[in-house]
file data26.txt (compact mmCIF, C-alpha atoms)
# COMPACT_ATOMS: atom_id res chain seq x y z
CA MET A 26 0.00 0.00 0.00
CA ALA A 27 1.10 3.53 -0.68
CA ILE A 28 -0.06 7.04 0.04
CA ARG A 29 -0.77 8.79 -3.23
CA GLU A 30 -0.69 12.49 -4.03
CA ILE A 31 -4.11 14.12 -3.73
CA LYS A 32 -4.75 16.33 -6.74
CA LYS A 33 -5.64 19.91 -5.85
CA TYR A 34 -8.21 22.30 -7.27
CA SER A 35 -7.63 23.37 -10.87
CA ASP A 36 -5.95 20.06 -11.79
CA PRO A 37 -7.80 19.04 -14.99
CA VAL A 38 -8.30 15.42 -13.82
CA LEU A 39 -10.80 16.69 -11.22
CA ARG A 40 -13.05 18.04 -13.99
CA GLN A 41 -13.11 14.92 -16.16
CA LYS A 42 -15.98 12.45 -16.04
CA THR A 43 -14.45 9.15 -14.98
CA SER A 44 -14.63 5.83 -16.87
CA ARG A 45 -16.53 2.76 -15.68
CA VAL A 46 -14.52 -0.03 -14.08
CA ASP A 47 -15.07 -3.02 -16.37
CA VAL A 48 -12.63 -5.46 -14.74
CA ILE A 49 -11.81 -5.60 -11.04
CA ASP A 50 -8.27 -6.92 -11.31
CA GLN A 51 -5.20 -6.73 -9.07
CA SER A 52 -4.40 -3.16 -10.19
CA VAL A 53 -7.87 -2.03 -9.07
CA GLN A 54 -7.40 -3.82 -5.71
CA VAL A 55 -4.06 -2.03 -5.22
CA LEU A 56 -5.70 1.29 -6.13
CA ILE A 57 -8.48 0.66 -3.57
CA ASP A 58 -5.93 -0.12 -0.82
CA ASP A 59 -3.84 2.95 -1.74
CA MET A 60 -6.95 5.16 -1.74
CA ILE A 61 -7.98 3.93 1.72
CA GLU A 62 -4.49 4.58 3.09
CA THR A 63 -4.36 8.02 1.41
CA MET A 64 -7.80 8.98 2.74
CA HIS A 65 -6.90 7.96 6.30
CA ALA A 66 -3.53 9.76 6.15
CA ALA A 67 -5.06 13.01 4.84
CA PRO A 68 -7.24 12.64 7.04
CA GLY A 69 -10.58 12.57 5.26
CA VAL A 70 -13.84 10.63 5.21
CA GLY A 71 -14.02 10.02 1.47
CA LEU A 72 -11.84 9.90 -1.63
CA ALA A 73 -12.60 9.46 -5.33
CA ALA A 74 -10.11 7.85 -7.72
CA ASN A 75 -9.71 10.98 -9.82
CA GLN A 76 -8.55 12.80 -6.67
CA VAL A 77 -5.42 10.61 -6.87
CA GLY A 78 -5.16 11.07 -10.64
CA VAL A 79 -6.92 7.89 -11.79
CA SER A 80 -9.97 8.50 -13.98
CA LEU A 81 -12.07 5.52 -12.87
CA GLN A 82 -15.52 5.30 -11.24
CA LEU A 83 -14.20 4.25 -7.86
CA ALA A 84 -14.57 5.88 -4.45
CA VAL A 85 -14.00 4.98 -0.81
CA ILE A 86 -15.79 6.35 2.26
CA ASP A 87 -14.94 5.71 5.90
CA LEU A 88 -16.81 7.70 8.53
CA GLY A 89 -15.02 5.87 11.33
CA GLU A 90 -16.18 6.26 14.90
CA ARG A 91 -18.37 9.09 16.11
CA GLU A 92 -17.09 11.25 18.96
CA ASP A 93 -19.53 9.56 21.35
CA GLY A 94 -18.09 6.15 20.45
CA GLU A 95 -21.17 5.05 18.48
CA PRO A 96 -20.21 3.36 15.20
CA ARG A 97 -21.41 5.11 12.06
CA HIS A 98 -20.90 3.05 8.92
CA PRO A 99 -18.12 0.63 8.12
CA LEU A 100 -15.67 1.43 5.31
CA VAL A 101 -17.48 1.46 1.96
CA VAL A 102 -15.86 0.78 -1.44
CA LEU A 103 -17.98 2.01 -4.35
CA ILE A 104 -17.29 0.81 -7.89
CA ASN A 105 -19.40 2.36 -10.68
CA PRO A 106 -21.72 4.05 -8.15
CA GLU A 107 -24.92 5.79 -9.16
CA ILE A 108 -27.55 7.61 -7.18
CA VAL A 109 -30.90 5.94 -7.86
CA SER A 110 -33.12 8.07 -5.62
CA THR A 111 -33.03 11.11 -3.35
CA GLN A 112 -35.35 12.56 -0.74
CA GLY A 113 -35.58 15.93 0.95
CA SER A 114 -32.81 18.46 1.25
CA VAL A 115 -30.38 19.68 3.85
CA THR A 116 -27.75 22.41 3.90
CA ALA A 117 -24.52 21.75 5.78
CA ASP A 118 -20.83 22.66 5.79
CA GLU A 119 -18.76 20.77 3.29
CA GLY A 120 -15.07 20.66 2.49
CA CYS A 121 -12.81 18.67 0.18
CA LEU A 122 -9.31 17.19 0.31
CA SER A 123 -8.74 18.65 -3.18
CA ILE A 124 -9.66 22.16 -1.97
CA PRO A 125 -7.85 22.43 1.37
CA ASP A 126 -8.64 25.19 3.86
CA PHE A 127 -12.00 26.04 2.30
CA SER A 128 -15.46 24.95 3.37
CA GLU A 129 -18.91 26.29 2.71
CA LYS A 130 -22.54 25.41 3.25
CA VAL A 131 -23.84 23.20 0.42
CA LYS A 132 -27.41 22.06 -0.26
CA ARG A 133 -27.66 18.30 -0.79
CA ALA A 134 -30.36 15.63 -0.69
CA ALA A 135 -31.11 14.62 2.90
CA ARG A 136 -31.46 10.94 2.00
CA VAL A 137 -30.03 8.95 -0.92
CA LYS A 138 -30.10 5.46 -2.31
CA VAL A 139 -26.97 4.43 -4.18
CA ARG A 140 -26.33 1.37 -6.34
CA ALA A 141 -22.72 0.19 -6.82
CA LYS A 142 -20.40 -2.81 -6.75
CA ASP A 143 -18.11 -3.68 -3.87
CA ARG A 144 -14.43 -4.53 -4.29
CA THR A 145 -15.31 -8.15 -5.18
CA GLY A 146 -17.70 -7.02 -7.93
CA LYS A 147 -20.83 -7.89 -5.98
CA PRO A 148 -23.68 -5.41 -6.63
CA PHE A 149 -25.25 -3.71 -3.61
CA GLU A 150 -27.55 -0.84 -2.69
CA LEU A 151 -26.99 1.54 0.19
CA GLU A 152 -29.56 3.90 1.67
CA ALA A 153 -28.15 6.70 3.79
CA GLU A 154 -28.86 9.99 5.47
CA GLY A 155 -26.75 12.45 7.44
CA LEU A 156 -23.00 12.51 6.89
CA MET A 157 -23.02 9.28 4.86
CA ALA A 158 -25.59 10.71 2.41
CA LYS A 159 -23.50 13.86 2.04
CA ALA A 160 -20.29 11.85 1.54
CA LEU A 161 -21.91 9.61 -1.09
CA GLN A 162 -23.17 12.61 -3.07
CA HIS A 163 -19.82 14.41 -2.74
CA GLU A 164 -17.76 11.45 -3.99
CA ILE A 165 -20.16 10.59 -6.82
CA ASP A 166 -20.00 14.26 -7.88
CA HIS A 167 -16.20 13.88 -8.09
CA LEU A 168 -16.62 10.89 -10.40
CA ASN A 169 -18.77 13.08 -12.66
CA GLY A 170 -16.18 15.88 -12.75
CA LEU A 171 -18.03 18.10 -10.25
CA LEU A 172 -16.68 19.77 -7.13
CA PHE A 173 -18.70 20.99 -4.17
CA ILE A 174 -17.93 24.58 -5.19
CA ASP A 175 -20.00 23.96 -8.34
CA ARG A 176 -23.03 23.72 -6.07
CA LEU A 177 -22.49 27.16 -4.53
CA SER A 178 -24.45 30.30 -5.37
CA PRO A 179 -22.75 32.76 -7.77
CA LEU A 180 -21.92 35.04 -4.81
CA LYS A 181 -20.30 32.21 -2.82
CA LYS A 182 -18.36 31.06 -5.93
CA ASN A 183 -17.06 34.60 -6.33
CA ILE A 184 -15.92 34.67 -2.69
CA PHE A 185 -14.18 31.31 -3.19
CA GLN A 186 -12.39 32.60 -6.33
CA ARG A 187 -11.16 35.69 -4.43
CA LYS A 188 -9.93 33.58 -1.49
CA LEU A 189 -8.16 31.22 -3.88
CA LYS A 190 -6.52 34.10 -5.78
CA LYS A 191 -5.30 35.60 -2.48
CA ALA A 192 -3.96 32.24 -1.28
CA LEU A 193 -2.12 31.68 -4.57
CA ALA A 194 -0.63 35.18 -4.43
CA GLU A 195 0.63 34.53 -0.88
CA THR A 196 2.39 31.31 -1.92
CA ALA A 197 3.99 32.87 -5.03

call {"tool": "encode", "arguments": {"input": "data26.txt", "output": "structure tokens"}}
result
Amino acid sequence: MAIREIKKYSDPVLRQKTSRVDVIDQSVQVLIDDMIETMHAAPGVGLAANQVGVSLQLAVIDLGEREDGEPRHPLVVLINPEIVSTQGSVTADEGCLSIPDFSEKVKRAARVKVRAKDRTGKPFELEAEGLMAKALQHEIDHLNGLLFIDRLSPLKKNIFQRKLKKALAETA
């Protein structure tokens, strides 16, 4: 296993729609293990393959333990995931490993049902709400070339662009 470089905002790979995984071979298994290790090291709760430069429909989510010790969801590997239904809406803070040091309130579906394959190729469906629903939508957006900032109002996008410009100027 290896920790891979997480691609940052404006890298073109983050804007490309990813390709379906047709064969779950050893290279895909290694990618899954590397993504899990990278996500945990970041630390984050989710990671899409294109965030590590691989344009495949593959994501991992691990919400870990809640602060009160109650388990949330076990680690989930999603191959070729698709959202099949949504319900309600909720607005909550959201951030991204590819856009460090920036978070904003984003409107998402409150409840989702997702269909995908696990790392063995077995199809499954997952219904979720709360943080898991948000994470599923966030990672599936990545696989479609979307970032959470794409879901912001024009005013909030403008604020993000100004913050980014300032941050880039400070590092130059």

call {"tool": "closest_atom_pairs", "arguments": {"input": "data26.txt", "of": "region 46-111 of chain A", "to": "region 171-188 of chain A", "cutoff": "12 Å", "atoms": "all atoms listed in the file", "output": "CSV"}}
result
residue,atom,partner,partner_atom,distance
A:Ala73,CA,A:Leu172,CA,11.2
A:Asn75,CA,A:Leu171,CA,11.0
A:Gln76,CA,A:Leu172,CA,10.7

call {"tool": "atom_distance", "arguments": {"input": "data26.txt", "atom1": "CA of Glu164 (chain A)", "atom2": "CA of Lys191 (chain A)"}}
result
27.2 Å

call {"tool": "residues_around", "arguments": {"input": "data26.txt", "residues": "Glu154 (chain A)", "least_positions_apart": "3", "cutoff": "10 Å", "atoms": "all atoms listed in the file", "output": "PyMOL selection string"}}
result
chain A and resi 111-112+115+134-138+157-161

call {"tool": "residues_around", "arguments": {"input": "data26.txt", "residues": "Leu168 (chain A)", "least_positions_apart": "2", "cutoff": "12 Å", "atoms": "all atoms listed in the file", "output": "count of residues only"}}
result
38

call {"tool": "atom_distance", "arguments": {"input": "data26.txt", "atom1": "CA of Ile57 (chain A)", "atom2": "CA of Ala141 (chain A)"}}
result
14.6 Å

call {"tool": "atom_distance", "arguments": {"input": "data26.txt", "atom1": "CA of Gly120 (chain A)", "atom2": "CA of Ser52 (chain A)"}}
result
29.0 Å

call {"tool": "residues_around", "arguments": {"input": "data26.txt", "residues": "Val55 (chain A)", "least_positions_apart": "5", "cutoff": "10 Å", "atoms": "all atoms listed in the file", "output": "MDAnalysis selection string"}}
result
chainID A and resid 26:27 50 60:61

call {"tool": "build_atoms", "arguments": {"input": "data26.txt", "residues": "region 181-192 of chain A", "atoms": "all heavy atoms", "output": "compact mmCIF listing (two decimals), in the frame of the given file"}}
result
# COMPACT_ATOMS: atom_id res chain seq x y z
N LYS A 181 -21.24 33.05 -3.57
CA LYS A 181 -20.30 32.21 -2.82
C LYS A 181 -19.15 31.73 -3.71
O LYS A 181 -18.01 31.64 -3.26
CB LYS A 181 -21.01 31.00 -2.21
CG LYS A 181 -22.10 31.35 -1.23
CD LYS A 181 -21.56 31.60 0.14
CE LYS A 181 -22.70 31.98 1.05
NZ LYS A 181 -22.57 31.53 2.38
N LYS A 182 -19.43 31.44 -4.99
CA LYS A 182 -18.36 31.06 -5.93
C LYS A 182 -17.38 32.21 -6.09
O LYS A 182 -16.16 31.99 -6.14
CB LYS A 182 -18.95 30.68 -7.30
CG LYS A 182 -19.50 29.30 -7.38
CD LYS A 182 -19.94 29.00 -8.79
CE LYS A 182 -20.78 27.75 -8.82
NZ LYS A 182 -21.35 27.47 -10.11
N ASN A 183 -17.90 33.42 -6.19
CA ASN A 183 -17.06 34.60 -6.33
C ASN A 183 -16.16 34.78 -5.11
O ASN A 183 -14.97 35.06 -5.24
CB ASN A 183 -17.94 35.85 -6.55
CG ASN A 183 -17.12 37.07 -6.84
OD1 ASN A 183 -16.58 37.68 -5.93
ND2 ASN A 183 -17.04 37.41 -8.11
N ILE A 184 -16.71 34.58 -3.92
CA ILE A 184 -15.92 34.67 -2.69
C ILE A 184 -14.82 33.61 -2.70
O ILE A 184 -13.67 33.89 -2.36
CB ILE A 184 -16.83 34.53 -1.45
CG1 ILE A 184 -17.73 35.76 -1.33
CG2 ILE A 184 -16.01 34.31 -0.18
CD1 ILE A 184 -18.86 35.62 -0.32
N PHE A 185 -15.17 32.38 -3.11
CA PHE A 185 -14.18 31.31 -3.19
C PHE A 185 -13.05 31.70 -4.15
O PHE A 185 -11.88 31.54 -3.83
CB PHE A 185 -14.82 29.99 -3.66
CG PHE A 185 -13.81 28.96 -4.06
CD1 PHE A 185 -13.05 28.31 -3.10
CD2 PHE A 185 -13.58 28.67 -5.40
CE1 PHE A 185 -12.08 27.38 -3.47
CE2 PHE A 185 -12.62 27.75 -5.77
CZ PHE A 185 -11.87 27.10 -4.80
N GLN A 186 -13.40 32.22 -5.33
CA GLN A 186 -12.39 32.60 -6.33
C GLN A 186 -11.44 33.66 -5.76
O GLN A 186 -10.23 33.60 -5.98
CB GLN A 186 -13.06 33.11 -7.61
CG GLN A 186 -13.83 32.05 -8.37
CD GLN A 186 -12.95 30.97 -8.98
OE1 GLN A 186 -11.75 31.12 -9.12
NE2 GLN A 186 -13.57 29.85 -9.35
N ARG A 187 -12.00 34.64 -5.03
CA ARG A 187 -11.16 35.69 -4.43
C ARG A 187 -10.24 35.12 -3.36
O ARG A 187 -9.06 35.46 -3.29
CB ARG A 187 -12.02 36.83 -3.88
CG ARG A 187 -12.56 37.72 -5.01
CD ARG A 187 -13.24 38.95 -4.48
NE ARG A 187 -14.55 38.55 -3.95
CZ ARG A 187 -15.16 39.12 -2.94
NH1 ARG A 187 -14.62 40.13 -2.31
NH2 ARG A 187 -16.33 38.69 -2.53
N LYS A 188 -10.76 34.20 -2.52
CA LYS A 188 -9.93 33.58 -1.49
C LYS A 188 -8.81 32.75 -2.13
O LYS A 188 -7.67 32.78 -1.66
CB LYS A 188 -10.78 32.67 -0.58
CG LYS A 188 -11.60 33.41 0.44
CD LYS A 188 -12.33 32.41 1.33
CE LYS A 188 -13.17 33.12 2.37
NZ LYS A 188 -13.90 32.17 3.23
N LEU A 189 -9.14 32.04 -3.19
CA LEU A 189 -8.16 31.22 -3.88
C LEU A 189 -7.07 32.10 -4.50
O LEU A 189 -5.88 31.81 -4.37
CB LEU A 189 -8.83 30.37 -4.97
CG LEU A 189 -7.91 29.47 -5.78
CD1 LEU A 189 -7.30 28.39 -4.88
CD2 LEU A 189 -8.65 28.83 -6.93
N LYS A 190 -7.47 33.17 -5.15
CA LYS A 190 -6.52 34.10 -5.78
C LYS A 190 -5.57 34.66 -4.73
O LYS A 190 -4.36 34.74 -4.94
CB LYS A 190 -7.30 35.24 -6.45
CG LYS A 190 -6.67 35.79 -7.69
CD LYS A 190 -7.59 36.85 -8.28
CE LYS A 190 -7.44 36.85 -9.78
NZ LYS A 190 -8.28 37.87 -10.40
N LYS A 191 -6.12 35.04 -3.56
CA LYS A 191 -5.30 35.60 -2.48
C LYS A 191 -4.32 34.55 -1.96
O LYS A 191 -3.15 34.83 -1.75
CB LYS A 191 -6.22 36.08 -1.35
CG LYS A 191 -5.47 36.73 -0.21
CD LYS A 191 -6.42 37.20 0.86
CE LYS A 191 -5.63 37.78 2.03
NZ LYS A 191 -6.48 38.08 3.17
N ALA A 192 -4.81 33.31 -1.77
CA ALA A 192 -3.96 32.24 -1.28
C ALA A 192 -2.83 31.93 -2.26
O ALA A 192 -1.68 31.72 -1.86
CB ALA A 192 -4.78 30.98 -1.01
